[in-house]
>>> print(open('input38.cif').read())   # mmCIF, C-alpha atoms
data_input
loop_
_atom_site.group_PDB
_atom_site.id
_atom_site.type_symbol
_atom_site.label_atom_id
_atom_site.label_comp_id
_atom_site.auth_asym_id
_atom_site.auth_seq_id
_atom_site.Cartn_x
_atom_site.Cartn_y
_atom_site.Cartn_z
ATOM 1 C CA MET G 6 24.277 97.912 -22.662
ATOM 2 C CA ALA G 7 23.876 94.169 -22.719
ATOM 3 C CA ALA G 8 26.408 91.754 -21.356
ATOM 4 C CA ILE G 9 27.927 89.475 -23.983
ATOM 5 C CA VAL G 10 27.027 85.939 -22.986
ATOM 6 C CA GLU G 11 28.146 83.046 -25.152
ATOM 7 C CA ILE G 12 26.944 79.458 -24.947
ATOM 8 C CA ARG G 13 30.164 77.486 -25.325
ATOM 9 C CA VAL G 14 30.268 73.796 -26.160
ATOM 10 C CA SER G 15 32.869 71.439 -24.653
ATOM 11 C CA TYR G 16 33.718 68.071 -26.137
ATOM 12 C CA GLY G 17 36.437 65.423 -26.284
ATOM 13 C CA SER G 18 37.897 62.912 -23.873
ATOM 14 C CA THR G 19 40.240 65.725 -22.919
ATOM 15 C CA GLU G 20 38.093 68.835 -22.833
ATOM 16 C CA THR G 21 38.124 71.047 -25.908
ATOM 17 C CA VAL G 22 36.255 74.293 -25.290
ATOM 18 C CA GLU G 23 34.832 76.143 -28.256
ATOM 19 C CA ALA G 24 35.971 79.741 -28.045
ATOM 20 C CA ALA G 25 32.776 81.269 -29.402
ATOM 21 C CA ASP G 26 29.017 81.039 -29.211
ATOM 22 C CA ALA G 27 27.842 77.563 -30.190
ATOM 23 C CA ALA G 28 26.581 77.178 -33.743
ATOM 24 C CA ASP G 29 23.995 74.748 -32.367
ATOM 25 C CA LEU G 30 23.380 72.255 -29.560
ATOM 26 C CA ASN G 31 22.707 69.315 -31.865
ATOM 27 C CA LEU G 32 22.748 65.817 -30.414
ATOM 28 C CA LEU G 33 24.811 63.483 -32.568
ATOM 29 C CA ASN G 34 26.258 60.012 -32.811
ATOM 30 C CA ALA G 35 29.767 61.416 -32.338
ATOM 31 C CA ASP G 36 31.618 63.456 -29.743
ATOM 32 C CA VAL G 37 32.334 66.504 -31.898
ATOM 33 C CA GLY G 38 31.924 70.243 -31.621
ATOM 34 C CA SER G 39 28.989 72.328 -32.787
ATOM 35 C CA GLY G 40 28.424 73.329 -36.405
ATOM 36 C CA GLN G 41 28.313 69.800 -37.816
ATOM 37 C CA ASN G 42 25.848 68.535 -40.386
ATOM 38 C CA PRO G 43 23.588 66.283 -38.281
ATOM 39 C CA THR G 44 22.839 64.033 -41.252
ATOM 40 C CA ASN G 45 26.469 62.910 -41.042
ATOM 41 C CA TYR G 46 25.988 61.674 -37.472
ATOM 42 C CA PRO G 47 22.568 59.976 -37.278
ATOM 43 C CA ILE G 48 21.576 57.960 -34.224
ATOM 44 C CA PRO G 49 20.216 54.637 -35.470
ATOM 45 C CA ILE G 50 17.020 53.176 -34.049
ATOM 46 C CA PRO G 51 17.987 49.899 -32.355
ATOM 47 C CA SER G 52 16.049 46.704 -32.885
ATOM 48 C CA GLU G 53 15.638 46.483 -29.121
ATOM 49 C CA GLY G 54 16.541 48.608 -26.133
ATOM 50 C CA SER G 55 17.811 52.142 -26.693
ATOM 51 C CA ASN G 56 20.593 54.014 -28.385
ATOM 52 C CA TYR G 57 21.854 57.282 -27.007
ATOM 53 C CA SER G 58 23.357 60.382 -28.544
ATOM 54 C CA PHE G 59 26.669 61.551 -27.195
ATOM 55 C CA GLU G 60 26.054 63.941 -24.356
ATOM 56 C CA ARG G 61 26.224 67.577 -25.410
ATOM 57 C CA TRP G 62 28.131 69.593 -22.778
ATOM 58 C CA PHE G 63 27.898 73.376 -22.725
ATOM 59 C CA ARG G 64 28.384 76.351 -20.422
ATOM 60 C CA ALA G 65 27.429 79.993 -20.522
ATOM 61 C CA TYR G 66 30.457 82.274 -20.695
ATOM 62 C CA VAL G 67 30.284 85.964 -19.872
ATOM 63 C CA ALA G 68 32.690 87.559 -22.331
ATOM 64 C CA ASP G 69 31.808 91.139 -21.376
ATOM 65 C CA MET G 70 29.703 92.473 -18.516
ATOM 66 C CA GLY G 71 28.530 95.298 -20.798
ATOM 67 C CA GLY G 72 27.981 97.609 -17.851
ATOM 68 C CA SER G 73 25.917 95.059 -15.925
ATOM 69 C CA SER G 74 26.881 94.422 -12.325
ATOM 70 C CA VAL G 75 25.447 90.906 -12.043
ATOM 71 C CA VAL G 76 24.542 88.070 -14.432
ATOM 72 C CA LYS G 77 22.618 85.217 -12.839
ATOM 73 C CA ASN G 78 19.587 82.908 -12.771
ATOM 74 C CA PHE G 79 20.411 80.720 -15.775
ATOM 75 C CA ARG G 80 17.658 78.403 -16.894
ATOM 76 C CA VAL G 81 17.530 75.783 -19.623
ATOM 77 C CA TYR G 82 14.393 74.350 -21.173
ATOM 78 C CA ALA G 83 12.949 73.219 -24.497
ATOM 79 C CA ASP G 84 9.711 73.357 -26.418
ATOM 80 C CA THR G 85 9.518 69.553 -26.332
ATOM 81 C CA ASP G 86 11.141 66.629 -24.543
ATOM 82 C CA ALA G 87 10.351 64.333 -27.489
ATOM 83 C CA PRO G 88 11.744 65.999 -30.614
ATOM 84 C CA ILE G 89 10.964 62.846 -32.580
ATOM 85 C CA PRO G 90 7.995 60.715 -31.479
ATOM 86 C CA GLY G 91 9.264 58.079 -29.050
ATOM 87 C CA THR G 92 12.567 59.788 -28.267
ATOM 88 C CA ILE G 93 13.387 61.393 -24.923
ATOM 89 C CA LEU G 94 15.434 64.558 -24.530
ATOM 90 C CA ARG G 95 17.081 64.743 -21.125
ATOM 91 C CA TYR G 96 18.953 67.446 -19.245
ATOM 92 C CA GLY G 97 21.166 67.706 -16.183
ATOM 93 C CA GLN G 98 24.022 69.819 -14.888
ATOM 94 C CA ALA G 99 27.475 69.271 -13.447
ATOM 95 C CA ALA G 100 30.099 71.471 -11.834
ATOM 96 C CA ALA G 101 33.026 69.646 -13.478
ATOM 97 C CA TYR G 102 33.623 68.326 -16.977
ATOM 98 C CA GLN G 103 33.531 64.650 -17.849
ATOM 99 C CA ALA G 104 34.081 63.107 -21.252
ATOM 100 C CA PRO G 105 30.732 62.824 -23.080
ATOM 101 C CA VAL G 106 29.277 59.331 -23.274
ATOM 102 C CA ASN G 107 26.835 57.676 -25.664
ATOM 103 C CA THR G 108 25.480 55.331 -23.037
ATOM 104 C CA ALA G 109 22.748 56.314 -20.609
ATOM 105 C CA SER G 110 23.957 59.548 -19.024
ATOM 106 C CA THR G 111 24.373 59.695 -15.285
ATOM 107 C CA ILE G 112 23.988 63.499 -15.441
ATOM 108 C CA ALA G 113 21.307 64.209 -18.042
ATOM 109 C CA THR G 114 18.784 62.022 -16.272
ATOM 110 C CA ALA G 115 15.626 64.134 -16.150
ATOM 111 C CA ASN G 116 13.376 64.975 -19.075
ATOM 112 C CA ILE G 117 14.248 68.504 -20.114
ATOM 113 C CA PRO G 118 11.717 71.019 -18.732
ATOM 114 C CA THR G 119 9.223 72.185 -21.331
ATOM 115 C CA THR G 120 8.194 75.292 -19.411
ATOM 116 C CA GLU G 121 10.345 77.909 -17.684
ATOM 117 C CA PRO G 122 11.992 76.093 -14.767
ATOM 118 C CA ALA G 123 13.609 77.465 -11.641
ATOM 119 C CA GLU G 124 17.344 78.072 -11.959
ATOM 120 C CA ASN G 125 18.834 74.862 -13.378
ATOM 121 C CA LEU G 126 22.257 75.910 -14.655
ATOM 122 C CA TYR G 127 24.176 76.851 -11.567
ATOM 123 C CA ILE G 128 27.170 79.086 -11.015
ATOM 124 C CA GLY G 129 29.848 77.720 -8.719
ATOM 125 C CA GLY G 130 28.030 74.476 -8.043
ATOM 126 C CA THR G 131 25.042 75.846 -6.135
ATOM 127 C CA ALA G 132 21.809 77.684 -6.832
ATOM 128 C CA GLY G 133 21.815 81.434 -6.320
ATOM 129 C CA GLY G 134 25.302 82.007 -7.704
ATOM 130 C CA GLU G 135 26.211 85.200 -9.515
ATOM 131 C CA ILE G 136 28.723 86.253 -12.157
ATOM 132 C CA THR G 137 30.156 89.700 -11.443
ATOM 133 C CA ALA G 138 33.192 89.792 -13.741
ATOM 134 C CA ALA G 139 33.871 89.072 -17.399
ATOM 135 C CA GLY G 140 35.699 85.848 -18.196
ATOM 136 C CA SER G 141 33.477 83.724 -15.957
ATOM 137 C CA TYR G 142 31.588 80.521 -16.713
ATOM 138 C CA THR G 143 28.468 78.891 -15.354
ATOM 139 C CA ASP G 144 28.532 75.205 -14.505
ATOM 140 C CA TYR G 145 27.952 72.707 -17.321
ATOM 141 C CA GLY G 146 24.589 71.908 -18.826
ATOM 142 C CA VAL G 147 24.345 68.411 -20.284
ATOM 143 C CA LEU G 148 21.865 67.229 -22.906
ATOM 144 C CA GLN G 149 21.298 63.736 -24.236
ATOM 145 C CA LEU G 150 18.761 62.137 -26.569
ATOM 146 C CA GLU G 151 17.548 58.592 -25.943
ATOM 147 C CA VAL G 152 16.393 56.772 -29.071
ATOM 148 C CA PRO G 153 14.453 53.642 -28.107
ATOM 149 C CA SER G 154 13.513 50.852 -30.482
ATOM 150 C CA THR G 155 9.969 52.245 -30.554
ATOM 151 C CA ALA G 156 11.053 55.646 -31.896
ATOM 152 C CA SER G 157 9.670 56.837 -35.217
ATOM 153 C CA LEU G 158 11.955 56.918 -38.226
ATOM 154 C CA ALA G 159 12.029 60.671 -38.702
ATOM 155 C CA GLY G 160 13.997 63.815 -38.210
ATOM 156 C CA GLY G 161 12.986 66.305 -35.595
ATOM 157 C CA THR G 162 13.927 69.448 -33.771
ATOM 158 C CA ALA G 163 13.717 70.708 -30.243
ATOM 159 C CA ASN G 164 14.219 74.386 -29.683
ATOM 160 C CA ILE G 165 16.514 74.720 -26.671
ATOM 161 C CA THR G 166 16.254 77.955 -24.692
ATOM 162 C CA VAL G 167 18.922 79.315 -22.387
ATOM 163 C CA MET G 168 17.608 82.213 -20.319
ATOM 164 C CA TRP G 169 19.319 84.463 -17.783
ATOM 165 C CA ASP G 170 18.956 87.767 -15.990
ATOM 166 C CA GLU G 171 21.251 90.791 -15.977
ATOM 167 C CA ILE G 172 21.167 93.502 -13.329
ATOM 168 C CA ALA G 173 22.431 96.925 -14.394
ATOM 169 C CA MET M 1098 11.730 122.176 -12.102
ATOM 170 C CA GLU M 1099 14.465 121.601 -14.650
ATOM 171 C CA ALA M 1100 13.651 119.087 -17.402
ATOM 172 C CA THR M 1101 15.605 115.841 -17.301
ATOM 173 C CA LYS M 1102 16.976 114.651 -20.619
ATOM 174 C CA LEU M 1103 16.640 110.943 -21.242
ATOM 175 C CA ASN M 1104 19.222 109.127 -23.312
ATOM 176 C CA PHE M 1105 18.260 105.957 -25.195
ATOM 177 C CA PRO M 1106 21.493 104.191 -26.221
ATOM 178 C CA GLU M 1107 21.347 101.957 -29.279
ATOM 179 C CA GLY M 1108 19.244 98.884 -28.573
ATOM 180 C CA GLU M 1109 17.626 100.333 -25.447
ATOM 181 C CA LYS M 1110 13.924 100.936 -26.021
ATOM 182 C CA TRP M 1111 13.038 101.454 -22.356
ATOM 183 C CA VAL M 1112 15.033 103.342 -19.737
ATOM 184 C CA TRP M 1113 14.304 104.064 -16.111
ATOM 185 C CA LEU M 1114 13.957 107.442 -14.420
ATOM 186 C CA GLU M 1115 14.423 107.779 -10.666
ATOM 187 C CA VAL M 1116 12.317 110.517 -9.048
ATOM 188 C CA TYR M 1117 13.255 111.417 -5.473
ATOM 189 C CA LYS M 1118 11.284 113.040 -2.687
ATOM 190 C CA ASP M 1119 13.436 116.184 -2.907
ATOM 191 C CA GLY M 1120 12.481 116.596 -6.583
ATOM 192 C CA LYS M 1121 15.767 115.321 -7.970
ATOM 193 C CA MET M 1122 15.423 113.129 -11.073
ATOM 194 C CA ILE M 1123 18.165 110.779 -12.242
ATOM 195 C CA PRO M 1124 17.945 109.001 -15.615
ATOM 196 C CA GLN M 1125 19.330 105.498 -16.105
ATOM 197 C CA PHE M 1126 21.804 106.530 -18.804
ATOM 198 C CA ASP M 1127 24.012 109.591 -18.743
ATOM 199 C CA GLU M 1128 24.965 111.615 -21.818
ATOM 200 C CA ASN M 1129 27.783 109.129 -22.513
ATOM 201 C CA SER M 1130 25.319 106.196 -22.485
ATOM 202 C CA VAL M 1131 26.764 104.856 -19.234
ATOM 203 C CA SER M 1132 24.109 103.151 -17.137
ATOM 204 C CA ARG M 1133 23.635 103.703 -13.452
ATOM 205 C CA HIS M 1134 23.803 100.534 -11.430
ATOM 206 C CA PHE M 1135 20.546 99.316 -9.977
ATOM 207 C CA TYR M 1136 22.167 99.099 -6.561
ATOM 208 C CA ASP M 1137 22.915 102.842 -6.743
ATOM 209 C CA ILE M 1138 19.206 103.644 -6.479
ATOM 210 C CA ASP M 1139 18.351 105.152 -3.098
ATOM 211 C CA GLN M 1140 15.122 103.237 -2.593
ATOM 212 C CA LYS M 1141 14.409 104.766 0.828
ATOM 213 C CA ASN M 1142 14.097 108.239 -0.672
ATOM 214 C CA LEU M 1143 12.426 107.298 -3.927
ATOM 215 C CA GLU M 1144 9.174 109.085 -4.731
ATOM 216 C CA ALA M 1145 8.547 107.368 -8.077
ATOM 217 C CA PHE M 1146 10.251 104.922 -10.410
ATOM 218 C CA LEU M 1147 9.317 105.418 -14.041
ATOM 219 C CA MET M 1148 9.944 103.217 -17.049
ATOM 220 C CA VAL M 1149 10.003 105.363 -20.176
ATOM 221 C CA HIS M 1150 9.724 104.043 -23.736
ATOM 222 C CA GLU M 1151 11.520 105.836 -26.549
ATOM 223 C CA SER M 1152 8.095 106.751 -27.944
ATOM 224 C CA GLY M 1153 7.407 108.751 -24.791
ATOM 225 C CA LYS M 1154 5.125 106.175 -23.170
ATOM 226 C CA ILE M 1155 5.566 106.135 -19.389
ATOM 227 C CA PHE M 1156 4.862 103.295 -16.954
ATOM 228 C CA GLU M 1157 5.092 104.048 -13.241
ATOM 229 C CA ILE M 1158 6.202 101.331 -10.856
ATOM 230 C CA PRO M 1159 4.319 101.994 -7.605
ATOM 231 C CA VAL M 1160 6.578 103.015 -4.747
ATOM 232 C CA SER M 1161 5.610 102.327 -1.163
ATOM 233 C CA HIS M 1162 7.527 102.284 2.041
ATOM 234 C CA GLU M 1163 5.237 99.786 3.732
ATOM 235 C CA TYR M 1164 5.652 96.038 4.051
ATOM 236 C CA ASN M 1165 9.398 96.155 3.392
ATOM 237 C CA TRP M 1166 8.777 97.221 -0.216
ATOM 238 C CA ARG M 1167 11.741 96.525 -2.547
ATOM 239 C CA LEU M 1168 12.152 97.736 -6.096
ATOM 240 C CA ILE M 1169 13.115 95.168 -8.752
ATOM 241 C CA HIS M 1170 14.690 95.841 -12.138
ATOM 242 C CA PHE M 1171 16.629 93.479 -14.356
ATOM 243 C CA TYR M 1172 17.011 92.455 -17.987
ATOM 244 C CA ARG M 1173 15.694 89.077 -19.084
ATOM 245 C CA CYS M 1174 17.857 87.563 -21.814
ATOM 246 C CA ILE M 1175 16.714 84.621 -23.928
ATOM 247 C CA LYS M 1176 18.890 82.727 -26.399
ATOM 248 C CA ARG M 1177 17.273 79.985 -28.484
ATOM 249 C CA PHE M 1178 18.912 77.141 -30.378
ATOM 250 C CA GLY M 1179 16.954 75.134 -32.909
ATOM 251 C CA LYS M 1180 16.195 75.432 -36.572
ATOM 252 C CA GLU M 1181 16.972 79.112 -36.164
ATOM 253 C CA GLN M 1182 18.920 80.885 -33.454
ATOM 254 C CA SER M 1183 17.502 83.938 -31.791
ATOM 255 C CA TYR M 1184 18.375 86.325 -28.977
ATOM 256 C CA THR M 1185 15.974 88.564 -27.088
ATOM 257 C CA ARG M 1186 16.575 90.994 -24.226
ATOM 258 C CA PHE M 1187 14.042 93.168 -22.449
ATOM 259 C CA PRO M 1188 13.713 94.837 -19.049
ATOM 260 C CA ILE M 1189 11.487 93.577 -16.254
ATOM 261 C CA ALA M 1190 10.608 95.878 -13.381
ATOM 262 C CA GLY M 1191 8.345 95.714 -10.375
ATOM 263 C CA TYR M 1192 8.523 95.312 -6.668
ATOM 264 C CA GLN M 1193 8.467 92.788 -3.865
ATOM 265 C CA ILE M 1194 6.758 93.164 -0.526
ATOM 266 C CA THR M 1195 6.791 90.990 2.547
ATOM 267 C CA LYS M 1196 3.396 90.644 4.176
ATOM 268 C CA TYR M 1197 2.296 88.147 6.842
ATOM 269 C CA GLY M 1198 5.746 86.559 6.561
ATOM 270 C CA ARG M 1199 5.399 85.870 2.848
ATOM 271 C CA ASN M 1200 7.045 87.503 -0.156
ATOM 272 C CA PHE M 1201 4.890 88.765 -2.995
ATOM 273 C CA LYS M 1202 6.314 89.959 -6.310
ATOM 274 C CA VAL M 1203 4.641 92.068 -8.967
ATOM 275 C CA LEU M 1204 6.675 92.093 -12.177
ATOM 276 C CA VAL M 1205 6.051 93.690 -15.545
ATOM 277 C CA ALA M 1206 7.942 92.966 -18.774
ATOM 278 C CA PHE M 1207 8.666 95.905 -21.055
ATOM 279 C CA HIS M 1208 8.693 94.978 -24.720
ATOM 280 C CA ASP M 1209 10.512 96.755 -27.541
ATOM 281 C CA ASP M 1210 7.269 97.810 -29.246
ATOM 282 C CA GLY M 1211 6.170 99.696 -26.132
ATOM 283 C CA ASN M 1212 3.759 97.053 -24.893
ATOM 284 C CA THR M 1213 3.904 95.581 -21.401
ATOM 285 C CA SER M 1214 2.865 92.273 -19.874
ATOM 286 C CA PHE M 1215 2.758 90.775 -16.398
ATOM 287 C CA VAL M 1216 5.417 88.220 -15.522
ATOM 288 C CA TYR M 1217 4.567 85.232 -13.329
ATOM 289 C CA GLU M 1218 7.466 83.660 -11.424
#
>>> encode(input="input38.cif", output="structure tokens")
Amino acid sequence: MAAIVEIRVSYGSTETVEAADAADLNLLNADVGSGQNPTNYPIPIPSEGSNYSFERWFRAYVADMGGSSVVKNFRVYADTDAPIPGTILRYGQAAAYQAPVNTASTIATANIPTTEPAENLYIGGTAGGEITAAGSYTDYGVLQLEVPSTASLAGGTANITVMWDEIA
Amino acid sequence: MEATKLNFPEGEKWVWLEVYKDGKMIPQFDENSVSRHFYDIDQKNLEAFLMVHESGKIFEIPVSHEYNWRLIHFYRCIKRFGKEQSYTRFPIAGYQITKYGRNFKVLVAFHDDGNTSFVYE
């Protein structure tokens, strides 16, 4: 039996945690929850410099162990780090929540991996952590999109993958 | 030797079968679809570790007691967000040995359709 693992989005200056699996991990020009129409929150291309999406904060939540004894080794990556030509999709992680910003993130600072990385969504603040009971969270993953003045005027999609291992 | 009945709970295409040196065989799932825990496997007395597909296909994970051989089994779970969401889960099994001070892993992914592929980590 599989564990039930939800990817839960957090947002707001005071943290609001979505109580269910995220509808999406869209990067928007507003600090709102998942399930929004992205065309309502476009990130304009600046005439110079860069604009930034609001950071998208999320965690994995183990709602039910499903008979597994351990859930671990969370990894986050995407099929591209430039969902629109000229843009840059970045990723980072944090053990504690901070209000999302739409300036250059101090957490999502590295281009998101585009191949399977080593563990990059920790549990308990360090690599090698394990979840052994339902009701537990990983640390936070943080995504942000940089839109420089040289970006193409277009829509685009990155497919974000969250991967983990379960031991019976 | 008494036949061992394998139970494939809903959604489980592959199950493991532990075969011990004394001839005892223990399936992963009991008749109530409760899984054994991986850490319950007595690796020191294991004669064979079989992965069995619901179609009857069998894949044997080699068992050795040299080079600090350790059995590996886990489920890889993949959730994708994008234009469409998807969720995939499949078992990976294999072993790790330590030789000349280095760890070597051999891992095989077991896909729902009965096919297998090597996993590089």
>>> residues_around(input="input38.cif", residues="Ile1158 in chain M", least_positions_apart="2", cutoff="9 Å", atoms="all atoms listed in the file", output="list in words")
Ala1145, Phe1146, Leu1147, Met1148, Phe1156, Val1160, Leu1168, Ala1190, Gly1191, Tyr1192 and Val1205 of chain M
>>> write_last_selection(input="input38.cif", atoms="C-alpha atoms", output="mmCIF file, keeping the file's coordinate frame")
data_model
loop_
_atom_site.group_PDB
_atom_site.id
_atom_site.type_symbol
_atom_site.label_atom_id
_atom_site.label_comp_id
_atom_site.auth_asym_id
_atom_site.auth_seq_id
_atom_site.Cartn_x
_atom_site.Cartn_y
_atom_site.Cartn_z
ATOM 1 C CA ALA M 1145 8.547 107.368 -8.077
ATOM 2 C CA PHE M 1146 10.251 104.922 -10.410
ATOM 3 C CA LEU M 1147 9.317 105.418 -14.041
ATOM 4 C CA MET M 1148 9.944 103.217 -17.049
ATOM 5 C CA PHE M 1156 4.862 103.295 -16.954
ATOM 6 C CA VAL M 1160 6.578 103.015 -4.747
ATOM 7 C CA LEU M 1168 12.152 97.736 -6.096
ATOM 8 C CA ALA M 1190 10.608 95.878 -13.381
ATOM 9 C CA GLY M 1191 8.345 95.714 -10.375
ATOM 10 C CA TYR M 1192 8.523 95.312 -6.668
ATOM 11 C CA VAL M 1205 6.051 93.690 -15.545
#
>>> resolve_selection(input="input38.cif", expression="the PyMOL selection byres ((chain G and resi 140) around 7)", output="PyMOL selection string")
chain G and resi 66-68+138-139+141-142
>>> interface_residues(input="input38.cif", of="chain G", to="chain M", cutoff="8 Å", atoms="all atoms listed in the file", output="list of chain:residue names")
G:Met6, G:Asp29, G:Leu30, G:Gly72, G:Ser73, G:Ser74, G:Thr162, G:Ala163, G:Asn164, G:Ile165, G:Thr166, G:Val167, G:Met168, G:Trp169, G:Asp170, G:Glu171, G:Ile172, G:Ala173
>>> closest_residue(input="input38.cif", among="G:Ala8, G:Ile117, G:Val75, G:Ile48", to="Asn34 in chain G", atoms="only C-alpha atoms")
G:Ile48
>>> resolve_selection(input="input38.cif", expression="the PyMOL selection byres ((chain G and resi 125) around 7)", output="number ranges by chain")
G: 79-81, 123-124, 126-127
>>> atom_distance(input="input38.cif", atom1="CA of Val152 in chain G", atom2="CA of Asp26 in chain G")
27.4 Å
>>> axis_aligned_box(input="input38.cif", around="range 1150-1164 of chain M", padding_each_side="3 Å", output="AutoDock Vina command-line options")
--center_x 7.9 --center_y 102.4 --center_z -11.9 --size_x 13.2 --size_y 18.7 --size_z 38.0
>>> atom_distance(input="input38.cif", atom1="CA of Gly1120 in chain M", atom2="CA of Ile1138 in chain M")
14.6 Å
>>> atom_distance(input="input38.cif", atom1="CA of Phe1105 in chain M", atom2="CA of Ala25 in chain G")
28.9 Å
>>> resolve_selection(input="input38.cif", expression="the PyMOL selection byres ((chain M and resi 1216) around 8)", output="list in words")
Val1203, Leu1204, Val1205, Ala1206, Ser1214, Phe1215, Tyr1217 and Glu1218 of chain M
>>> closest_residue(input="input38.cif", among="G:Ser18, G:Ser55, G:Thr155, G:Asn107", to="Ala35 in chain G", atoms="only C-alpha atoms")
G:Asn107
>>> residues_around(input="input38.cif", residues="Arg64 in chain G", least_positions_apart="3", cutoff="7 Å", atoms="only C-alpha atoms", output="list of chain:residue names")
G:Ile12, G:Arg13, G:Val14, G:Tyr142, G:Thr143, G:Asp144, G:Tyr145, G:Gly146
>>> residues_around(input="input38.cif", residues="Pro153 in chain G", least_positions_apart="6", cutoff="10 Å", atoms="only C-alpha atoms", output="ChimeraX atom specification")
/G:49-57,91-93
>>> residues_near_point(input="input38.cif", point="(12.6, 65.7, -14.6)", cutoff="9 Å", atoms="only C-alpha atoms", output="list in words")
Arg95, Tyr96, Gly97, Thr114, Ala115, Asn116, Ile117 and Pro118 of chain G
>>> residues_around(input="input38.cif", residues="Glu135 in chain G", least_positions_apart="5", cutoff="7 Å", atoms="all atoms listed in the file", output="list of chain:residue names")
G:Val75, G:Val76, G:Lys77, G:Ile128
